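Novice: Dropping in work29.tsv, which is TSV, C-alpha atoms and all ligand atoms:
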chain	number	residue	atom	x	y	z
A	719	MET	CA	-26.53	19.80	-2.58
A	720	THR	CA	-24.84	18.30	0.47
A	721	HIS	CA	-27.16	17.94	3.45
A	722	LEU	CA	-25.85	18.16	7.00
A	723	LEU	CA	-27.72	14.94	7.79
A	724	GLU	CA	-29.20	12.66	5.19
A	725	ILE	CA	-31.12	9.59	6.27
A	726	ASP	CA	-31.83	7.55	3.16
A	727	HIS	CA	-34.08	4.48	2.98
A	728	LEU	CA	-33.25	3.56	6.57
A	729	SER	CA	-34.77	0.37	7.93
A	730	VAL	CA	-34.10	-0.95	11.43
A	731	ASP	CA	-34.78	-4.35	12.98
A	732	LEU	CA	-34.60	-5.01	16.71
A	733	VAL	CA	-34.71	-8.21	18.70
A	734	THR	CA	-37.63	-8.93	21.02
A	735	HIS	CA	-38.16	-12.42	22.45
A	736	ARG	CA	-35.22	-13.66	20.37
A	737	ARG	CA	-36.83	-12.65	17.08
A	738	TYR	CA	-36.08	-9.74	14.81
A	739	HIS	CA	-38.91	-7.23	14.38
A	740	LYS	CA	-38.97	-4.32	12.00
A	741	VAL	CA	-39.23	-0.99	13.82
A	742	LEU	CA	-38.28	1.46	11.04
A	743	GLN	CA	-39.18	1.11	7.38
A	744	ASP	CA	-37.74	3.03	4.46
A	745	VAL	CA	-37.21	6.24	6.45
A	746	SER	CA	-35.76	9.12	4.40
A	747	VAL	CA	-35.33	12.62	5.78
A	748	THR	CA	-32.73	15.37	5.64
A	749	VAL	CA	-31.61	18.10	8.04
A	750	GLU	CA	-29.73	21.13	6.75
A	751	LYS	CA	-27.16	23.24	8.58
A	752	ALA	CA	-28.87	25.27	11.37
A	753	GLU	CA	-32.26	23.80	10.46
A	754	VAL	CA	-34.75	22.38	12.98
A	755	VAL	CA	-36.68	19.32	11.84
A	756	SER	CA	-39.24	17.80	14.20
A	757	LEU	CA	-40.30	14.17	14.30
A	758	VAL	CA	-43.86	13.76	15.55
A	759	GLY	CA	-46.15	10.75	15.86
A	760	GLU	CA	-47.78	8.45	18.38
A	761	SER	CA	-45.93	6.21	20.80
A	762	GLY	CA	-44.04	3.38	19.10
A	763	SER	CA	-43.97	5.06	15.69
A	764	GLY	CA	-40.15	5.02	15.62
A	765	LYS	CA	-39.14	8.57	16.56
A	766	SER	CA	-36.52	7.60	19.15
A	767	MET	CA	-35.12	4.77	17.04
A	768	THR	CA	-34.62	7.18	14.12
A	769	ALA	CA	-32.59	9.54	16.33
A	770	ARG	CA	-30.69	6.69	17.95
A	771	SER	CA	-29.78	5.25	14.54
A	772	VAL	CA	-28.04	8.52	13.65
A	773	LEU	CA	-25.70	8.02	16.61
A	774	ASN	CA	-25.50	4.23	16.29
A	775	LEU	CA	-27.10	3.90	19.72
A	776	LEU	CA	-29.61	1.15	18.90
A	777	PRO	CA	-30.42	-1.55	21.47
A	778	ALA	CA	-28.13	-4.62	21.42
A	779	GLN	CA	-28.30	-6.67	18.19
A	780	GLY	CA	-30.16	-3.87	16.40
A	781	LYS	CA	-29.61	-3.97	12.61
A	782	MET	CA	-29.69	-0.98	10.27
A	783	SER	CA	-29.88	-0.95	6.49
A	784	GLY	CA	-30.02	1.96	4.07
A	785	ASN	CA	-27.72	4.92	4.49
A	786	ILE	CA	-27.01	7.71	6.95
A	787	ALA	CA	-24.64	10.44	5.78
A	788	PHE	CA	-23.30	13.43	7.67
A	789	ASP	CA	-21.89	16.33	5.70
A	790	GLY	CA	-21.85	14.16	2.59
A	791	GLN	CA	-19.96	11.25	4.19
A	792	SER	CA	-21.68	7.93	4.85
A	793	LEU	CA	-21.50	6.80	8.48
A	794	MET	CA	-22.42	3.21	7.72
A	795	ASP	CA	-18.87	1.85	7.62
A	796	SER	CA	-17.74	3.68	10.75
A	797	THR	CA	-15.80	1.76	13.38
A	798	SER	CA	-16.91	2.01	17.01
A	799	LYS	CA	-14.07	4.49	17.56
A	800	ASP	CA	-15.34	6.65	14.67
A	801	TRP	CA	-18.85	6.59	16.16
A	802	GLN	CA	-17.51	7.63	19.55
A	803	LYS	CA	-15.68	10.55	18.03
A	804	PHE	CA	-18.74	11.48	15.96
A	805	ARG	CA	-20.89	11.55	19.12
A	806	ALA	CA	-18.34	13.58	21.06
A	807	THR	CA	-17.82	16.24	18.41
A	808	LYS	CA	-20.37	16.38	15.56
A	809	ALA	CA	-23.74	15.20	16.88
A	810	ALA	CA	-25.07	14.81	20.40
A	811	MET	CA	-28.34	13.71	21.95
A	812	ILE	CA	-30.48	15.13	24.72
A	813	PHE	CA	-32.30	12.15	26.22
A	814	GLN	CA	-35.76	12.11	27.71
A	815	ASP	CA	-34.74	10.87	31.14
A	816	PRO	CA	-31.69	12.72	32.51
A	817	ARG	CA	-31.29	10.43	35.54
A	818	ALA	CA	-30.82	7.43	33.29
A	819	SER	CA	-28.08	9.08	31.26
A	820	ILE	CA	-26.03	11.12	33.75
A	821	ASN	CA	-23.55	9.08	35.79
A	822	PRO	CA	-24.74	9.39	39.44
A	823	VAL	CA	-21.26	9.10	40.96
A	824	HIS	CA	-19.71	12.00	39.03
A	825	ARG	CA	-20.05	15.63	40.08
A	826	ILE	CA	-22.02	17.84	37.68
A	827	GLY	CA	-18.80	19.72	36.86
A	828	ASP	CA	-17.00	16.51	35.84
A	829	PHE	CA	-19.97	15.36	33.74
A	830	LEU	CA	-20.07	18.69	31.93
A	831	THR	CA	-16.34	19.09	31.30
A	832	GLU	CA	-15.38	15.49	30.48
A	833	ALA	CA	-15.91	15.81	26.72
A	834	LEU	CA	-14.14	19.18	26.50
A	835	VAL	CA	-11.10	18.02	28.46
A	836	HIS	CA	-10.80	14.65	26.70
A	837	ASN	CA	-11.87	15.40	23.15
A	838	ARG	CA	-10.95	19.05	22.80
A	839	ASP	CA	-7.85	19.08	24.99
A	840	MET	CA	-9.28	22.04	26.85
A	841	ASP	CA	-7.78	23.10	30.14
A	842	ARG	CA	-10.05	21.91	33.01
A	843	HIS	CA	-10.30	25.34	34.58
A	844	GLU	CA	-11.42	26.91	31.30
A	845	ALA	CA	-13.89	24.07	30.72
A	846	LEU	CA	-15.43	24.68	34.18
A	847	GLU	CA	-15.73	28.41	33.45
A	848	ARG	CA	-17.55	27.66	30.19
A	849	ALA	CA	-19.80	25.15	31.93
A	850	ALA	CA	-20.74	27.69	34.62
A	851	THR	CA	-21.62	30.33	32.02
A	852	LEU	CA	-23.76	27.90	30.08
A	853	LEU	CA	-25.55	26.64	33.20
A	854	GLU	CA	-26.56	30.22	33.93
A	855	GLN	CA	-27.74	30.64	30.34
A	856	VAL	CA	-30.02	27.59	30.63
A	857	GLY	CA	-31.55	29.03	33.79
A	858	ILE	CA	-29.59	27.47	36.67
A	859	ASP	CA	-28.74	29.87	39.51
A	860	ASP	CA	-25.63	29.59	41.60
A	861	ALA	CA	-23.91	27.66	38.81
A	862	ARG	CA	-20.50	27.36	40.50
A	863	ARG	CA	-22.01	25.60	43.50
A	864	ARG	CA	-24.00	23.30	41.23
A	865	LEU	CA	-20.80	22.21	39.48
A	866	ARG	CA	-19.58	20.74	42.78
A	867	GLN	CA	-22.84	18.87	43.45
A	868	TYR	CA	-23.87	15.31	42.55
A	869	PRO	CA	-26.85	14.48	40.31
A	870	HIS	CA	-29.03	13.32	43.27
A	871	GLU	CA	-28.78	16.82	44.75
A	872	LEU	CA	-30.55	18.34	41.74
A	873	SER	CA	-34.23	18.16	40.79
A	874	GLY	CA	-35.28	16.38	37.58
A	875	GLY	CA	-35.92	19.70	35.89
A	876	MET	CA	-32.51	21.06	36.85
A	877	LEU	CA	-30.80	17.88	35.67
A	878	GLN	CA	-32.52	18.18	32.32
A	879	ARG	CA	-31.10	21.70	32.01
A	880	VAL	CA	-27.67	20.26	32.86
A	881	MET	CA	-28.14	17.71	30.09
A	882	ILE	CA	-29.05	20.47	27.63
A	883	ALA	CA	-25.97	22.47	28.73
A	884	SER	CA	-23.74	19.39	28.28
A	885	VAL	CA	-24.83	19.05	24.67
A	886	LEU	CA	-24.47	22.76	23.87
A	887	LEU	CA	-21.01	22.79	25.47
A	888	ILE	CA	-19.49	20.46	22.91
A	889	GLU	CA	-20.93	22.64	20.14
A	890	PRO	CA	-22.04	19.82	17.87
A	891	GLN	CA	-23.30	20.68	14.39
A	892	LEU	CA	-26.39	18.58	15.10
A	893	ILE	CA	-28.44	18.18	18.27
A	894	LEU	CA	-30.80	15.23	18.56
A	895	ALA	CA	-33.37	16.13	21.22
A	896	ASP	CA	-35.64	13.25	22.25
A	897	GLU	CA	-38.62	14.77	24.11
A	898	PRO	CA	-36.16	16.96	26.02
A	899	THR	CA	-38.73	18.60	28.27
A	900	THR	CA	-40.99	15.78	29.41
A	901	ALA	CA	-39.13	15.68	32.78
A	902	LEU	CA	-39.99	19.33	33.35
A	903	ASP	CA	-42.91	21.11	34.86
A	904	VAL	CA	-45.45	21.91	32.12
A	905	THR	CA	-45.16	25.65	32.74
A	906	THR	CA	-41.37	25.63	32.25
A	907	GLN	CA	-41.30	23.32	29.20
A	908	ALA	CA	-41.82	26.07	26.65
A	909	ASP	CA	-39.27	28.33	28.42
A	910	VAL	CA	-36.58	25.67	28.35
A	911	ILE	CA	-37.22	24.85	24.69
A	912	ALA	CA	-37.05	28.56	23.89
A	913	ILE	CA	-33.66	28.84	25.64
A	914	LEU	CA	-32.39	25.71	23.88
A	915	ASP	CA	-33.58	27.02	20.53
A	916	ASP	CA	-32.00	30.44	21.13
A	917	LEU	CA	-28.61	29.07	22.10
A	918	ARG	CA	-28.77	26.58	19.21
A	919	ALA	CA	-29.61	29.29	16.70
A	920	GLN	CA	-26.80	31.59	17.91
A	921	ARG	CA	-24.33	28.77	17.32
A	922	GLU	CA	-25.95	27.78	13.98
A	923	MET	CA	-26.52	24.22	15.14
A	924	ALA	CA	-29.12	22.03	13.47
A	925	MET	CA	-31.61	20.02	15.52
A	926	LEU	CA	-33.70	16.91	15.08
A	927	PHE	CA	-36.41	17.52	17.66
A	928	ILE	CA	-38.67	14.70	18.83
A	929	THR	CA	-41.98	15.50	20.43
A	930	HIS	CA	-45.57	14.31	20.83
A	931	ASP	CA	-46.64	17.93	20.87
A	932	LEU	CA	-47.53	19.24	17.42
A	933	GLU	CA	-47.94	22.82	18.67
A	934	LEU	CA	-44.44	22.78	20.13
A	935	ALA	CA	-43.08	21.26	16.92
A	936	ALA	CA	-44.80	23.94	14.86
A	937	ALA	CA	-43.45	26.75	17.04
A	938	PHE	CA	-39.81	25.73	16.79
A	939	SER	CA	-39.31	23.85	13.53
A	940	ASP	CA	-38.53	24.67	9.95
A	941	ARG	CA	-40.00	21.34	8.87
A	942	ILE	CA	-42.01	18.58	10.50
A	943	ALA	CA	-41.83	14.88	9.66
A	944	VAL	CA	-44.84	12.83	10.76
A	945	MET	CA	-44.14	9.18	11.63
A	946	TYR	CA	-46.56	6.30	11.67
A	947	ALA	CA	-45.74	2.61	12.24
A	948	GLY	CA	-42.05	3.06	11.46
A	949	TYR	CA	-42.64	5.07	8.27
A	950	ILE	CA	-42.43	8.78	7.61
A	951	VAL	CA	-45.85	9.51	6.14
A	952	GLU	CA	-45.53	13.26	5.58
A	953	VAL	CA	-42.82	15.95	5.63
A	954	SER	CA	-43.93	19.56	5.44
A	955	THR	CA	-43.41	23.06	6.83
A	956	PRO	CA	-45.47	23.90	9.95
A	957	ALA	CA	-47.57	26.42	7.97
A	958	GLN	CA	-48.35	23.97	5.18
A	959	LEU	CA	-49.04	21.17	7.60
A	960	HIS	CA	-51.57	23.24	9.52
A	961	THR	CA	-53.35	24.69	6.52
A	962	ARG	CA	-53.13	21.78	4.11
A	963	PRO	CA	-52.24	18.44	5.70
A	964	LEU	CA	-51.88	15.85	2.96
A	965	HIS	CA	-51.91	12.59	4.88
A	966	PRO	CA	-55.13	11.48	6.64
A	967	TYR	CA	-53.04	10.59	9.71
A	968	THR	CA	-51.57	14.11	9.90
A	969	ALA	CA	-55.03	15.63	9.55
A	970	ALA	CA	-56.35	13.37	12.32
A	971	LEU	CA	-53.42	14.25	14.61
A	972	LEU	CA	-54.03	17.95	14.03
A	973	ARG	CA	-57.74	17.63	14.75
A	974	SER	CA	-57.16	15.70	17.96
A	975	ARG	CA	-54.78	18.22	19.55
A	976	PRO	CA	-56.09	20.46	22.30
A	977	MET	CA	-56.15	24.15	21.36
A	978	LEU	CA	-55.56	26.81	23.97
A	979	HIS	CA	-57.99	29.37	22.59
A	980	GLU	CA	-60.81	27.16	21.41
A	981	ARG	CA	-63.35	25.28	23.42
A	982	THR	CA	-64.40	22.03	21.88
A	983	ALA	CA	-66.79	19.76	23.74
A	984	ARG	CA	-64.87	16.66	22.80
A	985	LEU	CA	-61.75	16.28	20.71
A	986	PRO	CA	-62.05	13.81	17.87
A	987	GLN	CA	-59.98	10.71	18.54
A	988	ILE	CA	-58.24	8.62	15.95
A	989	SER	CA	-60.08	5.31	16.05
A	990	GLY	CA	-58.08	2.13	16.62
A	991	ARG	CA	-54.64	1.98	18.18
A	992	PRO	CA	-51.24	3.03	16.87
A	993	LEU	CA	-49.20	0.24	15.29
A	994	SER	CA	-45.52	-0.55	15.42
A	995	ALA	CA	-43.83	-1.23	12.09
A	996	PHE	CA	-43.83	-5.01	12.52
A	997	GLU	CA	-47.61	-5.03	13.10
A	998	ALA	CA	-48.42	-3.01	9.98
A	999	PRO	CA	-50.45	-4.82	7.31
A	1000	PRO	CA	-49.20	-5.11	3.71
A	1001	GLY	CA	-49.97	-1.93	1.77
A	1002	CYS	CA	-50.52	1.37	3.54
A	1003	PRO	CA	-49.71	1.10	7.28
A	1004	PHE	CA	-52.60	3.47	8.18
A	1005	GLN	CA	-55.34	1.66	6.19
A	1006	ASP	CA	-57.16	0.14	9.22
A	1007	ARG	CA	-57.66	3.55	10.84
A	1008	CYS	CA	-58.14	5.65	7.72
A	1009	PRO	CA	-61.58	7.06	6.86
A	1010	TYR	CA	-60.59	7.27	3.18
A	1011	VAL	CA	-59.38	3.69	2.72
A	1012	GLN	CA	-59.86	2.08	-0.70
A	1013	ALA	CA	-58.92	-1.26	-2.22
A	1014	GLN	CA	-55.53	-0.05	-3.50
A	1015	CYS	CA	-54.50	0.88	0.06
A	1016	GLY	CA	-54.41	-2.80	1.00
A	1017	GLU	CA	-52.70	-3.79	-2.22
A	1018	SER	CA	-49.58	-1.71	-2.37
A	1019	LEU	CA	-47.43	0.48	-0.12
A	1020	PRO	CA	-47.79	4.13	-1.17
A	1021	GLN	CA	-44.45	5.57	-2.24
A	1022	PRO	CA	-43.38	9.08	-1.14
A	1023	GLN	CA	-44.59	11.73	-3.60
A	1024	LEU	CA	-43.96	15.45	-3.76
A	1025	ILE	CA	-47.08	17.64	-3.66
A	1026	GLY	CA	-46.79	21.42	-3.34
A	1027	GLY	CA	-43.45	21.25	-1.55
A	1028	SER	CA	-44.54	18.54	0.91
A	1029	ILE	CA	-43.64	14.87	0.76
A	1030	VAL	CA	-46.48	12.46	1.43
A	1031	ARG	CA	-47.00	8.69	1.43
A	1032	CYS	CA	-50.69	8.25	0.59
A	1033	HIS	CA	-52.30	6.85	-2.57
A	1034	ARG	CA	-55.07	9.43	-2.35
A	1035	ALA	CA	-53.10	12.52	-1.27
A	1036	SER	CA	-53.67	14.50	-4.46
A	1037	GLU	CA	-57.47	14.00	-4.50
A	1038	LEU	CA	-58.29	14.46	-0.80
A	1039	GLU	CA	-58.95	17.85	0.72
A	1040	LEU	CA	-58.25	17.34	4.38
A	1041	VAL	CA	-59.01	19.69	7.25
A	1042	SER	CA	-56.98	20.21	10.35
A	1043	THR	CA	-59.26	21.83	12.93
A	1044	ALA	CA	-61.23	20.12	15.66
A	1045	GLY	CA	-64.96	20.31	15.15
A	1046	ALA	CA	-64.60	20.47	11.36
A	1047	GLU	CA	-65.91	17.80	9.04
A	1048	GLY	CA	-63.70	14.77	8.61
A	1049	GLY	CA	-62.60	16.08	5.21
A	1050	GLN	CA	-63.88	15.81	1.69
A	1051	SER	CA	-63.08	13.38	-0.95
A	1052	HIS	CA	-63.55	14.08	-4.64
A	1053	GLU	CA	-64.64	10.81	-6.06
A	1101	LIG	N1	-35.04	-2.01	23.31
A	1101	LIG	C1	-35.96	-2.37	22.40
A	1101	LIG	N2	-36.00	-3.65	21.95
A	1101	LIG	C2	-36.92	-4.02	21.02
A	1101	LIG	N3	-37.85	-3.19	20.49
A	1101	LIG	C3	-37.85	-1.92	20.91
A	1101	LIG	C4	-36.91	-1.43	21.88
A	1101	LIG	N4	-37.15	-0.12	22.08
A	1101	LIG	C5	-38.20	0.20	21.29
A	1101	LIG	N5	-38.62	-0.87	20.59
A	1101	LIG	C6	-39.70	-0.91	19.60
A	1101	LIG	O1	-39.35	-0.08	18.51
A	1101	LIG	C7	-40.50	0.57	17.99
A	1101	LIG	C8	-40.22	2.05	17.88
A	1101	LIG	O2	-39.95	2.54	19.17
A	1101	LIG	P1	-39.52	4.05	19.47
A	1101	LIG	O3	-38.97	4.01	20.85
A	1101	LIG	O4	-38.64	4.55	18.39
A	1101	LIG	O5	-40.92	4.78	19.42
A	1101	LIG	P2	-41.24	6.32	19.73
A	1101	LIG	O6	-41.92	6.86	18.52
A	1101	LIG	O7	-40.00	7.00	20.19
A	1101	LIG	O8	-42.31	6.19	20.90
A	1101	LIG	P3	-42.50	7.07	22.25
A	1101	LIG	O9	-43.28	8.26	21.83
A	1101	LIG	O10	-43.28	6.14	23.14
A	1101	LIG	O11	-41.15	7.40	22.79
A	1101	LIG	C9	-41.66	0.20	18.91
A	1101	LIG	O12	-42.37	-0.84	18.30
A	1101	LIG	C10	-40.97	-0.31	20.15
A	1101	LIG	O13	-41.75	-1.31	20.77
A	1102	MG	MG	-39.43	7.76	22.02
Here is the file; what I need is its structure written in the form of structure tokens.
Ligand SMILES: Nc1ncnc2c1ncn2[C@@H]1O[C@H](COP(=O)(O)OP(=O)(O)OP(=O)(O)O)[C@@H](O)[C@H]1O
Ligand SMILES: [Mg+2]

Specialist:
Amino acid sequence: MTHLLEIDHLSVDLVTHRRYHKVLQDVSVTVEKAEVVSLVGESGSGKSMTARSVLNLLPAQGKMSGNIAFDGQSLMDSTSKDWQKFRATKAAMIFQDPRASINPVHRIGDFLTEALVHNRDMDRHEALERAATLLEQVGIDDARRRLRQYPHELSGGMLQRVMIASVLLIEPQLILADEPTTALDVTTQADVIAILDDLRAQREMAMLFITHDLELAAAFSDRIAVMYAGYIVEVSTPAQLHTRPLHPYTAALLRSRPMLHERTARLPQISGRPLSAFEAPPGCPFQDRCPYVQAQCGESLPQPQLIGGSIVRCHRASELELVSTAGAEGGQSHE
């Protein structure tokens, strides 16, 4: 079967202080046509770098190995012109900080229509009409006036909606959304994601959705990939993940999330701090924080295995019975 996006054994090294450091390790994940896959995990786990790799937007001197294929075609030998075309037509990213990625000296209308006029040969008037309609759909009033304004005249929340509209306008087959609502007011975050998801679904676009928020990921995704220290440690459906997490890190993340309808005196925290890939010890990257650690966890890196439709990277996944709710026991182990 041809996947829309197939990331296969992707590893990425970036330069810090003139030395290469590993930031992604052996990452494999697929996204199908019109599917939403979320990437979740703590800060530094590699979520943004995974999405950026797909568009070849790594920091300077970044090195990728492994394979990324779109619609069955490998992207790894693309020229910079091919990548540009790919980003303008097939896959587009919604960045976390709209002010950093929208040119401040261009009017909103020019920003929105540039790709349509240049890459689709669309008439400018028609492109502006489409942009105005889409701005209204993402919740911006008085869209025609907004098109004539400059980015500094819009609030952060409005600019983020403009960014979302700009990506929907080019009708890519794949949207990469990197924490697209963190610039927004908490009360409007869910609304904006719902609008994005609606417009995406109508157009049958797929999405790789990055978030810290497991509840949000569960509400909008078909599958969730959990990242830790540059690895994907579990891939599952939201229902399976919540009822039967297979990786101790997933279970800990689920237990430490605040629940709207439950009062818990204190949420359990995951002891220790999150690691980046280059800090991970040999063997399982989660071993120092894992309550179920055994000798083999320090000896060899667990390979991804398929259990009940989920993919998990843990030596003990098939024998542990983990729980996902705050206040519950830390899990049982059948030894
Ligand atoms: N420009 C850069 N140069 C070198 N290393 C970087 C750069 N940007 C990120 N990194 C490193 O790459 C690793 C993965 O970072 P990434 O930004 O993908 O994490 P993330 O999961 O998106 O985290 P967050 O939730 O904080 O956005 C981290 O160790 C980070 O320090
Ligand atoms: Mg990030």

Novice: Pick the closest to A:Arg864 from A:Gln791, A:Thr851, A:Gln779, A:Ser994: which is it, counting only C-alpha atoms?

Specialist: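 Comparing A:Gln791, A:Thr851, A:Gln779, A:Ser994 against A:Arg864, the winner is A:Thr851.
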
Novice: Pick the closest to A:Leu894 from A:Lys803, A:His721, A:Arg1031, A:Arg770: which is it, counting only C-alpha atoms?

Specialist: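 Checking each candidate against A:Leu894, we get A:Arg770 as the closest.
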
Novice: Show me which residues sit within 9 Å of ligand LIG 1101 (chain A) when counting only C-alpha atoms and all ligand atoms, and put them as a VMD selection string.

Specialist: chain A and resid 730 to 735 738 to 742 757 to 770 776 to 778 780 814 896 to 897 928 to 930 945 to 948 993 to 997

Novice: Find the spatial neighbours of A:Pro963, counting only C-alpha atoms, within a cut-off of 12 Å - ignore same-chain residues fewer than 3 positions away - and output them as a ChimeraX atom specification.

Specialist: /A:942-944,951-960,966-973,1025-1032,1035-1036,1038-1043,1049

Novice: Report, as JSON, the axis-aligned box around all atoms of stretch 938-950 of chain A present in the file, extended by 4 Å on each side; give centre and edge lengths in Å to one decimal place.

Specialist:
{"center_x": -42.5, "center_y": 14.2, "center_z": 12.2, "size_x": 16.0, "size_y": 31.1, "size_z": 17.2}

Novice: Regenerate stretch 727-746 of chain A at the level of N, CA and C atoms and dump it as an mmCIF file, in the frame of the given file.

Specialist:
data_model
loop_
_atom_site.group_PDB
_atom_site.id
_atom_site.type_symbol
_atom_site.label_atom_id
_atom_site.label_comp_id
_atom_site.auth_asym_id
_atom_site.auth_seq_id
_atom_site.Cartn_x
_atom_site.Cartn_y
_atom_site.Cartn_z
ATOM 1 N N HIS A 727 -33.542 5.847 3.003
ATOM 2 C CA HIS A 727 -34.080 4.480 2.980
ATOM 3 C C HIS A 727 -33.626 3.662 4.185
ATOM 4 N N LEU A 728 -33.704 4.260 5.354
ATOM 5 C CA LEU A 728 -33.250 3.560 6.570
ATOM 6 C C LEU A 728 -34.315 2.584 7.067
ATOM 7 N N SER A 729 -33.902 1.344 7.265
ATOM 8 C CA SER A 729 -34.770 0.370 7.930
ATOM 9 C C SER A 729 -34.018 -0.175 9.125
ATOM 10 N N VAL A 730 -34.741 -0.442 10.212
ATOM 11 C CA VAL A 730 -34.100 -0.950 11.430
ATOM 12 C C VAL A 730 -34.903 -2.138 11.954
ATOM 13 N N ASP A 731 -34.165 -3.184 12.345
ATOM 14 C CA ASP A 731 -34.780 -4.350 12.980
ATOM 15 C C ASP A 731 -34.196 -4.511 14.364
ATOM 16 N N LEU A 732 -35.058 -4.787 15.341
ATOM 17 C CA LEU A 732 -34.600 -5.010 16.710
ATOM 18 C C LEU A 732 -35.068 -6.381 17.187
ATOM 19 N N VAL A 733 -34.358 -6.889 18.175
ATOM 20 C CA VAL A 733 -34.710 -8.210 18.700
ATOM 21 C C VAL A 733 -35.642 -8.082 19.898
ATOM 22 N N THR A 734 -36.775 -8.769 19.829
ATOM 23 C CA THR A 734 -37.630 -8.930 21.020
ATOM 24 C C THR A 734 -37.987 -10.417 21.076
ATOM 25 N N HIS A 735 -37.905 -10.990 22.260
ATOM 26 C CA HIS A 735 -38.160 -12.420 22.450
ATOM 27 C C HIS A 735 -37.402 -13.247 21.411
ATOM 28 N N ARG A 736 -36.154 -12.938 21.246
ATOM 29 C CA ARG A 736 -35.220 -13.660 20.370
ATOM 30 C C ARG A 736 -35.586 -13.635 18.892
ATOM 31 N N ARG A 737 -36.512 -12.749 18.524
ATOM 32 C CA ARG A 737 -36.830 -12.650 17.080
ATOM 33 C C ARG A 737 -36.645 -11.211 16.622
ATOM 34 N N TYR A 738 -36.220 -11.084 15.369
ATOM 35 C CA TYR A 738 -36.080 -9.740 14.810
ATOM 36 C C TYR A 738 -37.446 -9.183 14.410
ATOM 37 N N HIS A 739 -37.691 -7.921 14.781
ATOM 38 C CA HIS A 739 -38.910 -7.230 14.380
ATOM 39 C C HIS A 739 -38.519 -5.925 13.708
ATOM 40 N N LYS A 740 -39.242 -5.588 12.674
ATOM 41 C CA LYS A 740 -38.970 -4.320 12.000
ATOM 42 C C LYS A 740 -39.517 -3.177 12.839
ATOM 43 N N VAL A 741 -38.711 -2.152 13.087
ATOM 44 C CA VAL A 741 -39.230 -0.990 13.820
ATOM 45 C C VAL A 741 -39.163 0.300 12.985
ATOM 46 N N LEU A 742 -38.294 0.323 11.971
ATOM 47 C CA LEU A 742 -38.280 1.460 11.040
ATOM 48 C C LEU A 742 -38.304 0.915 9.624
ATOM 49 N N GLN A 743 -39.051 1.576 8.746
ATOM 50 C CA GLN A 743 -39.180 1.110 7.380
ATOM 51 C C GLN A 743 -38.955 2.250 6.411
ATOM 52 N N ASP A 744 -37.938 2.125 5.584
ATOM 53 C CA ASP A 744 -37.740 3.030 4.460
ATOM 54 C C ASP A 744 -37.866 4.511 4.868
ATOM 55 N N VAL A 745 -37.147 4.864 5.933
ATOM 56 C CA VAL A 745 -37.210 6.240 6.450
ATOM 57 C C VAL A 745 -36.186 7.111 5.703
ATOM 58 N N SER A 746 -36.665 8.172 5.059
ATOM 59 C CA SER A 746 -35.760 9.120 4.400
ATOM 60 C C SER A 746 -36.109 10.530 4.859
#
